[in-house]
Amino acid sequence: MTGIEQLPVRDELRGKTPYGAPQLDVPVRLNTNENPYPLPEELVQRIAERVTDAARTLNRYPDRDALALRTALAAYLTRTTGFEVSREQVWAANGSNEVIQQLLQTFGGPGRTAIGFEPSYSMHGLISRGTGTGWLSGPRRADFTIDTGAAVRAIAEHRPEVVFVCSPNNPTGTAVDRGTVTELYEAAQAAGPSMVVVDEAYGEFSHRPSLLPLIEGRPNLVVSRTMSKAFGAAGLRLGYLAADPAVVDAVQLVRLPYHLSAVTQATALAALEHTDTLLGYVERLKDERDRLVRELRALGLEVTESDANFVQFGVFDDAHATWRALLEHGVLVRDNGVPGRLRVTAGTPEENDAFLDAVRAVTKETP
Ligand code: PMP
């Protein structure tokens, strides 16, 4: 049998493991930051109608520029952030991972580097590597906020072409304030000019307003978003960005022709028609997230402030042993490798109760 070691894979991929959380069949799965609420039945019906329409012309390639979808996404952003966004400022792809890949293909690549402030979303580093972009791991404070001074120094020293700012940050839940983003942007322009990519995959769950209005007057700032979390549509694979129209023009250089299927575009348009219902679920999840923070703290655990749909908690002598113990109680959470910490996604009230019961049981077993 041929192993991957025998194949002539690129040097930088040798010995690496693919990204992925364990897919285990467990009663309570709170490990991948999914939305626990299935799409409402009216929306399921609307998707069926729109996809049926799209099916009638599947002999043709889809709208390559996804104009109707980008118009609807721009309207959604304008409505929810109060900042006027036009279709020309929006671009969509198959999940925000693909958005990030297109940005790195456009602005990173061999001989160039990207920086992120870790612990953060590990795909920023992995997609960098996959696109031949060097990866630099910038620092965070002990409380998981970005140390702006240290970050500015790292940017000045290494002059990366791409700077990732994840807000709210995965896996810590930490939001980044506007001042930090503008300071990092100034540092990146002085050292570069470089692109600053604000990953707002969890933006809708934040206590704070979106960082999106910062794209005004900052042509090298990109905000990326997704329908995987707030829209409860992780299976759809729809991510998007907002930025200066020139950025949208630039990513056209690397996007595959017709990358976004007609079925995807039809489904996303249907979901956007049901924004109000879906944002109602987001409000419920925010309340549940805040409850998890309170109740975990009441159990004496250290909980990182969260603006996302998940909560980082600890501190455990052996986080992986606690992860395993929770699994034995039928609850799957995530061990992101942050020393002493685990991450739990806010689920339904019943799932969160089951999780909290499991934590109570496990912390009693291992005081
Ligand atoms: N950014 C962050 C911070 C994430 O946590 C995720 C998903 N885990 C993504 C981007 C990618 O999401 P998707 O490709 O589903 O849009």
# chains A, B, ... in the order shown; residues from 1 in each chain; ligands from 1
call {"tool": "residues_near_ligand", "arguments": {"ligand": "ligand 1", "cutoff": "9 Å", "atoms": "only C-alpha atoms and all ligand atoms", "output": "ChimeraX atom specification"}}
result
/A:32-34,93-100,120-124,166-171,199-202,224-229,233-240
call {"tool": "select_by_dssp", "arguments": {"residues": "segment 95-142 of chain A", "states": "strand (DSSP E or B)", "output": "ChimeraX atom specification"}}
result
/A:113-117,134-138
call {"tool": "write_last_selection", "arguments": {"atoms": "N, CA and C atoms", "output": "mmCIF file, in the first residue's frame"}}
result
data_model
loop_
_atom_site.group_PDB
_atom_site.id
_atom_site.type_symbol
_atom_site.label_atom_id
_atom_site.label_comp_id
_atom_site.auth_asym_id
_atom_site.auth_seq_id
_atom_site.Cartn_x
_atom_site.Cartn_y
_atom_site.Cartn_z
ATOM 1 N N THR A 113 4.702 36.633 3.278
ATOM 2 C CA THR A 113 4.310 36.067 4.572
ATOM 3 C C THR A 113 2.993 36.662 5.052
ATOM 4 N N ALA A 114 2.362 35.888 5.938
ATOM 5 C CA ALA A 114 1.148 36.350 6.622
ATOM 6 C C ALA A 114 1.367 36.171 8.118
ATOM 7 N N ILE A 115 0.711 37.037 8.913
ATOM 8 C CA ILE A 115 0.835 36.941 10.373
ATOM 9 C C ILE A 115 -0.562 36.853 10.997
ATOM 10 N N GLY A 116 -0.658 36.078 12.089
ATOM 11 C CA GLY A 116 -1.883 36.049 12.890
ATOM 12 C C GLY A 116 -1.471 36.050 14.350
ATOM 13 N N PHE A 117 -2.389 36.412 15.229
ATOM 14 C CA PHE A 117 -2.046 36.526 16.643
ATOM 15 C C PHE A 117 -2.663 35.353 17.383
ATOM 16 N N GLY A 134 4.442 32.166 3.668
ATOM 17 C CA GLY A 134 5.092 31.913 4.959
ATOM 18 C C GLY A 134 4.162 32.324 6.095
ATOM 19 N N TRP A 135 4.215 31.615 7.227
ATOM 20 C CA TRP A 135 3.321 31.930 8.348
ATOM 21 C C TRP A 135 4.113 32.418 9.550
ATOM 22 N N LEU A 136 3.661 33.539 10.111
ATOM 23 C CA LEU A 136 4.292 34.088 11.311
ATOM 24 C C LEU A 136 3.273 34.066 12.443
ATOM 25 N N SER A 137 3.681 33.536 13.589
ATOM 26 C CA SER A 137 2.773 33.475 14.734
ATOM 27 C C SER A 137 3.046 34.660 15.648
ATOM 28 N N GLY A 138 2.108 35.623 15.660
ATOM 29 C CA GLY A 138 2.255 36.799 16.516
ATOM 30 C C GLY A 138 1.716 36.509 17.914
#
call {"tool": "select_by_dssp", "arguments": {"residues": "segment 104-187 of chain A", "states": "alpha helix (DSSP H)", "output": "PyMOL selection string"}}
result
chain A and resi 104-107+122-130+148-158+178-187
call {"tool": "residues_around", "arguments": {"residues": "segment 293-301 of chain A", "least_positions_apart": "4", "cutoff": "8 Å", "atoms": "only C-alpha atoms", "output": "PyMOL selection string"}}
result
chain A and resi 289+305-306+311+313-315+356+360
call {"tool": "residues_around", "arguments": {"residues": "Arg324 of chain A", "least_positions_apart": "5", "cutoff": "10 Å", "atoms": "only C-alpha atoms", "output": "list in words"}}
result
Ala319, His329, Gly330, Val331, Leu332, Val333, Asp335 and Val362 of chain A
call {"tool": "residues_around", "arguments": {"residues": "Asn336 of chain A", "least_positions_apart": "5", "cutoff": "9 Å", "atoms": "only C-alpha atoms", "output": "PDB file with N, CA and C atoms, in the first residue's frame"}}
result
ATOM      1  N   PRO A 119      -3.205  32.131  20.322  1.00  0.00           N
ATOM      2  CA  PRO A 119      -4.058  31.203  19.596  1.00  0.00           C
ATOM      3  C   PRO A 119      -5.168  31.915  18.827  1.00  0.00           C
ATOM      4  N   PRO A 171     -10.067  30.353  19.008  1.00  0.00           N
ATOM      5  CA  PRO A 171     -11.004  29.698  19.922  1.00  0.00           C
ATOM      6  C   PRO A 171     -11.276  30.439  21.220  1.00  0.00           C
ATOM      7  N   ARG A 341      -6.998  24.663  28.530  1.00  0.00           N
ATOM      8  CA  ARG A 341      -8.345  25.180  28.179  1.00  0.00           C
ATOM      9  C   ARG A 341      -9.083  24.269  27.205  1.00  0.00           C
ATOM     10  N   LEU A 342     -10.397  24.384  27.266  1.00  0.00           N
ATOM     11  CA  LEU A 342     -11.274  23.715  26.301  1.00  0.00           C
ATOM     12  C   LEU A 342     -12.254  24.746  25.773  1.00  0.00           C
ATOM     13  N   ARG A 343     -12.940  24.403  24.680  1.00  0.00           N
ATOM     14  CA  ARG A 343     -13.912  25.321  24.084  1.00  0.00           C
ATOM     15  C   ARG A 343     -15.243  24.597  23.892  1.00  0.00           C
TER      16      ARG A 343
END
call {"tool": "atom_distance", "arguments": {"atom1": "atom CA of Pro40 of chain A", "atom2": "atom CA of His274 of chain A"}}
result
9.0 Å
call {"tool": "closest_atom_pairs", "arguments": {"of": "segment 144-251 of chain A", "to": "segment 84-89 of chain A", "cutoff": "10 Å", "atoms": "only C-alpha atoms", "output": "tab-separated table"}}
result
residue	atom	partner	partner_atom	distance
A:Leu212	CA	A:Val85	CA	9.3
A:Pro213	CA	A:Glu84	CA	8.4
A:Ile215	CA	A:Gln89	CA	9.7
A:Glu216	CA	A:Val85	CA	9.8
A:Val222	CA	A:Gln89	CA	9.8
A:Leu241	CA	A:Gln89	CA	8.0
A:Ala242	CA	A:Gln89	CA	5.3
A:Ala243	CA	A:Gln89	CA	5.2
A:Asp244	CA	A:Gln89	CA	5.5
A:Pro245	CA	A:Gln89	CA	4.7
A:Ala246	CA	A:Gln89	CA	8.2
A:Val247	CA	A:Gln89	CA	8.0
A:Val248	CA	A:Gln89	CA	6.5
A:Asp249	CA	A:Glu88	CA	8.8
call {"tool": "residues_around", "arguments": {"residues": "Pro139 of chain A", "least_positions_apart": "2", "cutoff": "8 Å", "atoms": "only C-alpha atoms", "output": "PDB file with C-alpha atoms, in the first residue's frame"}}
result
ATOM      1  CA  PHE A 117      -2.046  36.526  16.643  1.00  0.00           C
ATOM      2  CA  GLU A 118      -2.279  33.118  18.261  1.00  0.00           C
ATOM      3  CA  SER A 137       2.773  33.475  14.734  1.00  0.00           C
ATOM      4  CA  ARG A 141      -1.570  38.590  26.127  1.00  0.00           C
ATOM      5  CA  ILE A 146      -4.098  41.332  21.312  1.00  0.00           C
ATOM      6  CA  ASP A 147      -1.151  43.256  22.750  1.00  0.00           C
ATOM      7  CA  ALA A 150       3.764  43.922  20.541  1.00  0.00           C
ATOM      8  CA  ALA A 151       1.652  43.315  17.417  1.00  0.00           C
TER       9      ALA A 151
END
call {"tool": "closest_residue", "arguments": {"among": "A:Gly347, A:Ser261, A:Ala271, A:Arg291", "to": "Glu41 of chain A", "atoms": "only C-alpha atoms"}}
result
A:Ala271
call {"tool": "residues_around", "arguments": {"residues": "Ala66 of chain A", "least_positions_apart": "3", "cutoff": "12 Å", "atoms": "only C-alpha atoms", "output": "list of chain:residue names"}}
result
A:Tyr61, A:Pro62, A:Asp63, A:Leu69, A:Arg70, A:Thr71, A:Ala72, A:Leu73, A:Arg87, A:Glu88, A:Val90, A:Trp91, A:Ala92, A:Ala93, A:Asn94, A:Leu238, A:Tyr240, A:Pro257, A:Tyr258, A:His259, A:Leu260, A:Ser261, A:Ala262, A:Val263, A:Thr264, A:Gln265, A:Ala266, A:Ala268, A:Leu269
call {"tool": "atom_distance", "arguments": {"atom1": "atom CA of Tyr19 of chain A", "atom2": "atom CA of Ser128 of chain A"}}
result
13.0 Å
call {"tool": "closest_residue", "arguments": {"among": "A:Gly149, A:Arg10, A:Arg218, A:Val163", "to": "Gly125 of chain A", "atoms": "only C-alpha atoms"}}
result
A:Val163
call {"tool": "atom_distance", "arguments": {"atom1": "atom CA of Val223 of chain A", "atom2": "atom CA of Asn309 of chain A"}}
result
18.7 Å
